[in-house]
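Peer 1: One file: model.cif (mmCIF, C-alpha atoms).
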```
data_coords
#
loop_
_atom_site.label_atom_id
_atom_site.label_comp_id
_atom_site.auth_asym_id
_atom_site.auth_seq_id
_atom_site.Cartn_x
_atom_site.Cartn_y
_atom_site.Cartn_z
CA MET A 25 0.00 0.00 0.00
CA ASP A 26 1.26 3.46 -0.92
CA ILE A 27 0.70 5.24 2.40
CA SER A 28 1.77 8.65 1.09
CA ALA A 29 -0.60 8.42 -1.89
CA TYR A 30 -3.45 7.29 0.34
CA LEU A 31 -2.91 10.24 2.69
CA ARG A 32 -2.75 12.62 -0.28
CA ARG A 33 -6.16 11.33 -1.35
CA LEU A 34 -7.40 12.31 2.10
CA GLY A 35 -5.62 15.66 2.08
CA LEU A 36 -3.69 14.78 5.24
CA GLU A 37 -0.14 14.14 6.38
CA ALA A 38 1.14 11.34 8.58
CA ALA A 39 0.96 12.05 12.33
CA PRO A 40 1.35 10.00 15.53
CA PRO A 41 -1.75 8.08 16.65
CA SER A 42 -4.18 10.11 18.74
CA LEU A 43 -7.92 10.52 19.14
CA ASP A 44 -7.88 13.87 17.35
CA GLN A 45 -5.91 12.40 14.45
CA LEU A 46 -8.20 9.36 14.24
CA LYS A 47 -11.20 11.68 14.00
CA ALA A 48 -9.44 13.74 11.31
CA LEU A 49 -8.66 10.61 9.29
CA HIS A 50 -12.23 9.33 9.62
CA VAL A 51 -13.81 12.66 8.62
CA ALA A 52 -11.46 13.17 5.66
CA HIS A 53 -12.09 9.64 4.41
CA ILE A 54 -15.87 9.81 4.75
CA GLU A 55 -16.01 13.18 2.96
CA ARG A 56 -13.50 12.47 0.17
CA VAL A 57 -13.93 8.76 -0.61
CA PRO A 58 -17.50 7.89 -1.64
CA TYR A 59 -19.49 4.86 -0.65
CA GLU A 60 -20.24 3.19 -3.99
CA ALA A 61 -20.66 -0.14 -5.74
CA LEU A 62 -20.41 0.99 -9.37
CA GLU A 63 -17.76 -1.61 -10.21
CA ILE A 64 -20.65 -4.09 -10.29
CA TRP A 65 -22.36 -2.02 -12.98
CA LEU A 66 -19.10 -1.74 -14.91
CA ASP A 67 -18.71 -5.56 -14.97
CA ARG A 68 -15.47 -5.41 -13.00
CA PRO A 69 -15.39 -7.97 -10.17
CA THR A 70 -13.72 -6.92 -6.94
CA THR A 71 -12.38 -8.86 -3.97
CA VAL A 72 -12.27 -8.13 -0.25
CA ASP A 73 -8.45 -7.86 -0.31
CA PRO A 74 -7.69 -4.62 1.60
CA ALA A 75 -4.59 -3.91 -0.50
CA GLU A 76 -6.63 -4.09 -3.70
CA SER A 77 -9.24 -1.79 -2.17
CA ALA A 78 -6.59 0.69 -1.04
CA ALA A 79 -5.08 0.82 -4.52
CA ARG A 80 -8.51 1.53 -6.03
CA ILE A 81 -9.11 4.31 -3.50
CA VAL A 82 -5.75 5.87 -4.36
CA ARG A 83 -6.83 5.83 -8.03
CA GLY A 84 -9.85 7.97 -7.18
CA ARG A 85 -12.62 5.47 -6.57
CA GLY A 86 -14.52 4.33 -3.47
CA GLY A 87 -16.23 1.12 -2.44
CA TYR A 88 -18.57 -0.32 0.11
CA CYS A 89 -17.93 -1.62 3.64
CA TYR A 90 -15.49 -4.45 2.86
CA HIS A 91 -13.47 -2.11 0.64
CA LEU A 92 -13.62 1.09 2.66
CA ASN A 93 -13.13 -0.37 6.12
CA GLY A 94 -10.70 -2.99 4.84
CA ALA A 95 -8.45 -0.41 3.20
CA PHE A 96 -8.79 1.98 6.16
CA SER A 97 -7.69 -0.76 8.55
CA LEU A 98 -4.47 -1.15 6.56
CA LEU A 99 -3.85 2.58 6.66
CA LEU A 100 -4.50 2.78 10.41
CA GLU A 101 -2.19 -0.16 11.09
CA ALA A 102 0.53 1.44 8.99
CA LEU A 103 0.15 4.66 11.00
CA GLY A 104 0.54 2.81 14.30
CA TYR A 105 -3.07 2.35 15.47
CA GLN A 106 -4.32 -0.77 17.24
CA VAL A 107 -7.23 -1.69 14.96
CA THR A 108 -9.42 -4.79 14.87
CA ARG A 109 -11.86 -6.03 12.21
CA HIS A 110 -15.23 -7.48 13.27
CA VAL A 111 -18.09 -9.33 11.58
CA GLY A 112 -21.29 -7.32 11.57
CA GLY A 113 -24.83 -7.47 10.26
CA VAL A 114 -26.90 -4.58 8.90
CA HIS A 115 -30.67 -5.07 9.14
CA MET A 116 -33.56 -3.20 7.59
CA ARG A 117 -36.64 -1.94 9.42
CA GLY A 118 -38.93 -4.80 10.31
CA ALA A 119 -36.13 -7.38 10.07
CA GLU A 120 -34.54 -9.23 12.97
CA PRO A 121 -30.95 -8.32 13.90
CA ALA A 122 -28.34 -10.93 12.97
CA ILE A 123 -24.60 -11.26 12.55
CA SER A 124 -24.97 -11.97 8.84
CA ALA A 125 -21.46 -10.91 7.71
CA ASN A 126 -23.01 -8.39 5.31
CA HIS A 127 -20.93 -5.75 7.09
CA LEU A 128 -17.33 -5.23 8.23
CA VAL A 129 -16.80 -3.03 11.30
CA LEU A 130 -13.57 -1.67 12.81
CA THR A 131 -12.69 -0.83 16.38
CA VAL A 132 -9.63 1.13 17.45
CA ARG A 133 -8.08 1.04 20.92
CA LEU A 134 -6.66 4.32 22.25
CA PRO A 135 -5.69 5.56 25.72
CA GLU A 136 -9.11 7.26 25.80
CA GLY A 137 -10.85 3.90 25.28
CA ASP A 138 -12.20 1.79 22.42
CA TRP A 139 -13.87 3.43 19.43
CA MET A 140 -16.20 2.21 16.69
CA VAL A 141 -14.74 3.24 13.36
CA ASP A 142 -16.97 2.74 10.33
CA LEU A 143 -16.69 4.28 6.86
CA GLY A 144 -18.97 1.66 5.31
CA LEU A 145 -22.45 2.53 6.55
CA GLY A 146 -23.16 4.86 3.64
CA ASP A 147 -25.43 7.50 5.13
CA ALA A 148 -24.46 7.06 8.79
CA LEU A 149 -21.32 7.97 10.76
CA HIS A 150 -19.32 11.11 10.14
CA GLU A 151 -16.94 10.59 13.08
CA PRO A 152 -15.99 7.55 15.18
CA LEU A 153 -18.18 6.65 18.16
CA PRO A 154 -16.86 5.72 21.62
CA LEU A 155 -17.82 2.17 22.57
CA VAL A 156 -20.00 3.49 25.38
CA GLU A 157 -23.75 3.00 25.52
CA GLY A 158 -25.59 6.22 24.74
CA ARG A 159 -27.09 8.55 22.16
CA TYR A 160 -24.83 10.51 19.84
CA ARG A 161 -25.66 13.43 17.57
CA GLN A 162 -23.59 14.09 14.45
CA GLY A 163 -24.90 16.99 12.39
CA PRO A 164 -28.66 16.59 11.83
CA PHE A 165 -28.69 12.87 12.71
CA GLU A 166 -28.85 11.03 16.03
CA TYR A 167 -27.46 7.53 16.57
CA GLY A 168 -27.61 5.05 19.39
CA LEU A 169 -25.10 2.52 20.69
CA ARG A 170 -26.10 -0.25 23.10
CA PRO A 171 -25.23 -3.86 23.93
CA SER A 172 -26.19 -6.33 21.21
CA THR A 173 -28.91 -8.90 21.84
CA VAL A 174 -27.55 -11.27 19.16
CA ALA A 175 -23.79 -11.00 19.72
CA PRO A 176 -22.81 -11.64 23.37
CA GLY A 177 -20.37 -8.94 24.42
CA GLY A 178 -20.97 -7.11 21.15
CA TRP A 179 -22.71 -3.91 20.19
CA HIS A 180 -25.83 -2.70 18.39
CA PHE A 181 -25.81 0.53 16.39
CA ASP A 182 -29.17 2.30 15.97
CA HIS A 183 -29.36 4.45 12.85
CA ASP A 184 -31.22 7.76 12.72
CA PRO A 185 -34.93 7.15 11.90
CA ARG A 186 -34.41 8.84 8.52
CA GLY A 187 -31.51 6.59 7.60
CA SER A 188 -31.50 3.89 4.94
CA PHE A 189 -31.46 0.97 7.41
CA ALA A 190 -32.57 0.28 10.98
CA GLY A 191 -29.42 -0.85 12.69
CA MET A 192 -26.29 -2.95 12.76
CA ASP A 193 -24.90 -5.50 15.21
CA PHE A 194 -21.34 -6.69 15.54
CA GLY A 195 -19.42 -9.09 17.75
CA MET A 196 -16.11 -8.23 19.34
CA GLU A 197 -14.16 -11.26 18.10
CA PRO A 198 -11.38 -10.36 15.62
CA ALA A 199 -12.29 -11.40 12.07
CA PRO A 200 -10.10 -12.25 9.06
CA MET A 201 -11.11 -10.81 5.69
CA SER A 202 -11.93 -14.34 4.54
CA ALA A 203 -14.99 -14.17 6.82
CA PHE A 204 -16.61 -11.82 4.28
CA GLU A 205 -15.78 -13.56 1.00
CA GLN A 206 -19.00 -15.58 0.67
CA MET A 207 -21.28 -12.63 1.42
CA HIS A 208 -19.21 -10.41 -0.88
CA ARG A 209 -19.91 -12.82 -3.75
CA HIS A 210 -23.62 -12.68 -2.94
CA LEU A 211 -23.73 -8.89 -2.69
CA THR A 212 -21.92 -8.41 -5.99
CA THR A 213 -23.66 -11.09 -8.08
CA SER A 214 -27.08 -12.02 -6.68
CA PRO A 215 -30.19 -10.49 -8.33
CA GLU A 216 -31.51 -10.07 -4.78
CA SER A 217 -28.64 -7.78 -3.78
CA GLY A 218 -29.44 -4.09 -3.46
CA PHE A 219 -26.08 -3.29 -5.05
CA VAL A 220 -27.06 -5.34 -8.13
CA ARG A 221 -30.59 -3.91 -8.32
CA VAL A 222 -29.69 -0.25 -7.80
CA ALA A 223 -26.58 1.75 -8.75
CA THR A 224 -25.91 3.46 -5.43
CA VAL A 225 -23.44 6.18 -4.38
CA ALA A 226 -23.35 8.09 -1.08
CA ARG A 227 -21.19 10.73 0.57
CA ARG A 228 -21.56 11.94 4.14
CA ASP A 229 -20.42 15.37 5.31
CA ALA A 230 -20.79 17.45 8.47
CA THR A 231 -24.27 18.75 7.64
CA GLY A 232 -25.92 15.82 5.89
CA VAL A 233 -25.58 13.17 3.23
CA ASP A 234 -25.88 12.97 -0.56
CA ILE A 235 -27.27 9.74 -2.01
CA MET A 236 -27.59 8.79 -5.68
CA ARG A 237 -29.90 5.83 -6.26
CA GLY A 238 -30.23 5.10 -9.94
CA LEU A 239 -30.82 8.54 -11.45
CA SER A 240 -32.32 10.05 -8.28
CA LEU A 241 -30.03 12.33 -6.28
CA THR A 242 -31.19 13.08 -2.74
CA ARG A 243 -29.71 15.58 -0.31
CA LEU A 244 -30.75 14.74 3.25
CA GLU A 245 -30.19 17.29 6.01
CA ALA A 246 -32.82 18.62 8.42
CA ASP A 247 -35.14 18.11 5.45
CA SER A 248 -34.60 16.42 2.11
CA ARG A 249 -34.80 17.19 -1.59
CA THR A 250 -34.52 14.87 -4.59
CA THR A 251 -33.55 15.65 -8.17
CA THR A 252 -33.79 13.25 -11.11
CA MET A 253 -30.89 13.25 -13.57
CA GLU A 254 -32.53 13.65 -16.97
CA THR A 255 -29.46 13.27 -19.19
CA SER A 256 -26.13 11.49 -19.26
CA ALA A 257 -24.38 14.84 -18.87
CA ASP A 258 -26.41 15.62 -15.73
CA TYR A 259 -25.68 12.21 -14.23
CA PHE A 260 -21.93 12.27 -14.72
CA GLN A 261 -21.67 15.92 -13.72
CA ALA A 262 -23.35 15.04 -10.43
CA LEU A 263 -21.08 12.04 -9.90
CA ALA A 264 -18.08 14.31 -10.44
CA ASP A 265 -19.23 17.39 -8.52
CA VAL A 266 -20.97 15.73 -5.58
CA PHE A 267 -19.07 12.47 -5.20
CA GLY A 268 -15.71 13.15 -6.87
CA LEU A 269 -16.17 10.24 -9.31
CA ARG A 270 -14.97 10.56 -12.88
CA PHE A 271 -15.15 8.03 -15.71
CA ASP A 272 -13.69 7.69 -19.18
CA ALA A 273 -15.81 7.55 -22.34
CA ASP A 274 -16.17 3.75 -22.43
CA GLU A 275 -17.10 3.61 -18.75
CA ARG A 276 -19.64 6.39 -19.19
CA ALA A 277 -21.32 4.64 -22.11
CA LEU A 278 -21.61 1.33 -20.25
CA LEU A 279 -22.70 2.85 -16.96
CA TRP A 280 -25.26 5.24 -18.44
CA GLY A 281 -26.80 2.51 -20.58
CA LYS A 282 -27.32 0.18 -17.63
CA VAL A 283 -28.40 2.77 -15.07
CA SER A 284 -30.81 4.60 -17.37
CA ARG A 285 -32.46 1.33 -18.47
CA ALA A 286 -32.85 0.21 -14.87
CA HIS A 287 -34.36 3.56 -13.92
CA ALA A 288 -36.77 3.49 -16.87
CA ALA A 289 -37.86 -0.05 -15.93
CA TRP A 290 -38.50 1.02 -12.34
CA THR A 291 -40.48 4.09 -13.49
CA ALA A 292 -42.67 1.92 -15.70
CA SER A 293 -43.19 -0.57 -12.88
CA ALA A 294 -43.97 2.12 -10.32
CA SER A 295 -46.63 3.62 -12.57
CA THR A 296 -48.59 0.35 -12.54
CA SER A 297 -47.79 -0.95 -9.06
CA SER A 298 -48.22 0.39 -5.53
CA THR A 299 -45.27 -1.62 -4.22
CA GLY A 300 -42.66 0.84 -5.45
CA GLU A 301 -40.05 -1.88 -5.83
CA GLY A 302 -36.71 -1.08 -7.39
CA LEU A 303 -34.97 2.22 -6.92
CA THR A 304 -36.81 3.37 -3.82
CA PRO A 305 -35.10 3.89 -0.47
CA SER A 306 -37.42 1.31 1.10
CA THR A 307 -36.08 -1.47 -1.09
CA SER A 308 -32.50 -0.35 -1.58
CA SER A 309 -30.39 0.09 1.52
CA VAL A 310 -27.36 2.32 1.21
CA SER A 311 -25.54 -0.14 3.44
CA GLU A 312 -25.90 -3.85 2.79
#
```
Go ahead and express the file in the form of structure tokens.

Peer 2:
Amino acid sequence: MDISAYLRRLGLEAAPPSLDQLKALHVAHIERVPYEALEIWLDRPTTVDPAESAARIVRGRGGYCYHLNGAFSLLLEALGYQVTRHVGGVHMRGAEPAISANHLVLTVRLPEGDWMVDLGLGDALHEPLPLVEGRYRQGPFEYGLRPSTVAPGGWHFDHDPRGSFAGMDFGMEPAPMSAFEQMHRHLTTSPESGFVRVATVARRDATGVDIMRGLSLTRLEADSRTTTMETSADYFQALADVFGLRFDADERALLWGKVSRAHAAWTASASTSSTGEGLTPSTSSVSE
């Protein structure tokens, strides 16, 4: 891993481990490196190898939890932090919590205590959370942290009620990256996967979150507003301006063709069905 190049992507310089520096790294990463699964739509398979994910981030792309938290764990280790990977499970509203391995979580041990570090929840954390039961406000959103009922000794994260999922549980046992390989294959190939059904990109900042689902761009703060991208130029301009994602001509042609067809199919379905399946927030979680 090219540590200097990774830090340049974040706009930071190397510094000794500290709580303030951990927060700075987390905030810079969450604001500059988008949560996205567009490699699926570009027919480019990925792995959960943290070094591969770090190299892709250095090249200007993002990823989802296995990629973002996997790469970040390598960076933190290289900078001298005591970091541990954990198996987690994101669940939607109405679903039972479970440690399903559809999420990778990090914890970092500092003199001030243990901290939950998570770049892979899409529209959730902006800064790390102390592993202390309580309610935490970050910008316009409020989160909860409490003992897990499905992972003895583990933790349950409650998302803000306006978030894209209900919560996430994780156990405290250290996990190898191989623990996520089977679920990664499912999330990147199964027709039931939200990443396969909907081209999703998200970027959290201090005052809210931007989410692109299909051709619908939503800005969620104290309130929300949604804009539909009507043309290819609009779509790729938004990806560049809002999420920092840029694509060459061949990538643009492939991506626009797939995303626009999927959006048109959902629009046609929504006009004849009350279920609203497809590109709606209720059926497409930002975080799988």

Peer 1: Using the chain letters and numbering of this document, enumerate as a ChimeraX atom specification the residues selected by the PyMOL selection byres ((chain A and resi 257) around 12).

Peer 2: /A:239,253-256,258-265,270-271,273,276-277,280

Peer 1: Any chance you can output those residues with C-alpha atoms as a tab-separated table (two decimals), keeping the file's coordinate frame?

Peer 2:
```tsv
chain	number	residue	atom	x	y	z
A	239	LEU	CA	-30.82	8.54	-11.45
A	253	MET	CA	-30.89	13.25	-13.57
A	254	GLU	CA	-32.53	13.65	-16.97
A	255	THR	CA	-29.46	13.27	-19.19
A	256	SER	CA	-26.13	11.49	-19.26
A	258	ASP	CA	-26.41	15.62	-15.73
A	259	TYR	CA	-25.68	12.21	-14.23
A	260	PHE	CA	-21.93	12.27	-14.72
A	261	GLN	CA	-21.67	15.92	-13.72
A	262	ALA	CA	-23.35	15.04	-10.43
A	263	LEU	CA	-21.08	12.04	-9.90
A	264	ALA	CA	-18.08	14.31	-10.44
A	265	ASP	CA	-19.23	17.39	-8.52
A	270	ARG	CA	-14.97	10.56	-12.88
A	271	PHE	CA	-15.15	8.03	-15.71
A	273	ALA	CA	-15.81	7.55	-22.34
A	276	ARG	CA	-19.64	6.39	-19.19
A	277	ALA	CA	-21.32	4.64	-22.11
A	280	TRP	CA	-25.26	5.24	-18.44
```

Peer 1: If you count all atoms listed in the file, which residues fall within 12 Å of A:Gly104, apart from same-chain ones fewer than 2 positions away, as a list in words?

Peer 2: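 Those residues are Ala38, Ala39, Pro40, Pro41, Ser42, Gln45, Leu46, Ser97, Leu98, Leu99, Leu100, Glu101, Ala102, Gln106, Val107, Val132, Arg133 and Leu134 of chain A.
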
Peer 1: For A:Gln162, please output as a PDB file with C-alpha atoms, in the coordinates of the input all residues within 10 Å (counting only C-alpha atoms; exclusion window: fewer than 2 positions along the same chain).

Peer 2:
```pdb
ATOM      1  CA  ALA A 148     -24.460   7.060   8.790  1.00  0.00           C
ATOM      2  CA  LEU A 149     -21.320   7.970  10.760  1.00  0.00           C
ATOM      3  CA  HIS A 150     -19.320  11.110  10.140  1.00  0.00           C
ATOM      4  CA  GLU A 151     -16.940  10.590  13.080  1.00  0.00           C
ATOM      5  CA  LEU A 153     -18.180   6.650  18.160  1.00  0.00           C
ATOM      6  CA  TYR A 160     -24.830  10.510  19.840  1.00  0.00           C
ATOM      7  CA  PRO A 164     -28.660  16.590  11.830  1.00  0.00           C
ATOM      8  CA  PHE A 165     -28.690  12.870  12.710  1.00  0.00           C
ATOM      9  CA  GLU A 166     -28.850  11.030  16.030  1.00  0.00           C
ATOM     10  CA  TYR A 167     -27.460   7.530  16.570  1.00  0.00           C
ATOM     11  CA  ASP A 229     -20.420  15.370   5.310  1.00  0.00           C
ATOM     12  CA  ALA A 230     -20.790  17.450   8.470  1.00  0.00           C
ATOM     13  CA  THR A 231     -24.270  18.750   7.640  1.00  0.00           C
ATOM     14  CA  GLY A 232     -25.920  15.820   5.890  1.00  0.00           C
TER      15      GLY A 232
END
```

Peer 1: Any idea what's packed within 12 Å of A:Ala75, counting only C-alpha atoms, ignoring anything in its chain fewer than 5 positions away? Could you give it as a PyMOL selection string?

Peer 2: chain A and resi 25-27+30+70+80-82+90-99+201

Peer 1: Separation of atom CA of A:Arg32 and atom CA of A:Arg83, in Å?

Peer 2: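 Interatomic distance, atom CA of A:Arg32 to atom CA of A:Arg83: 11.1 Å.
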
Peer 1: Using atom CA of A:Gly218 and atom CA of A:Ala61 as the two end points, give the distance in Å to one decimal.

Peer 2: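 Interatomic distance here is 9.9 Å.
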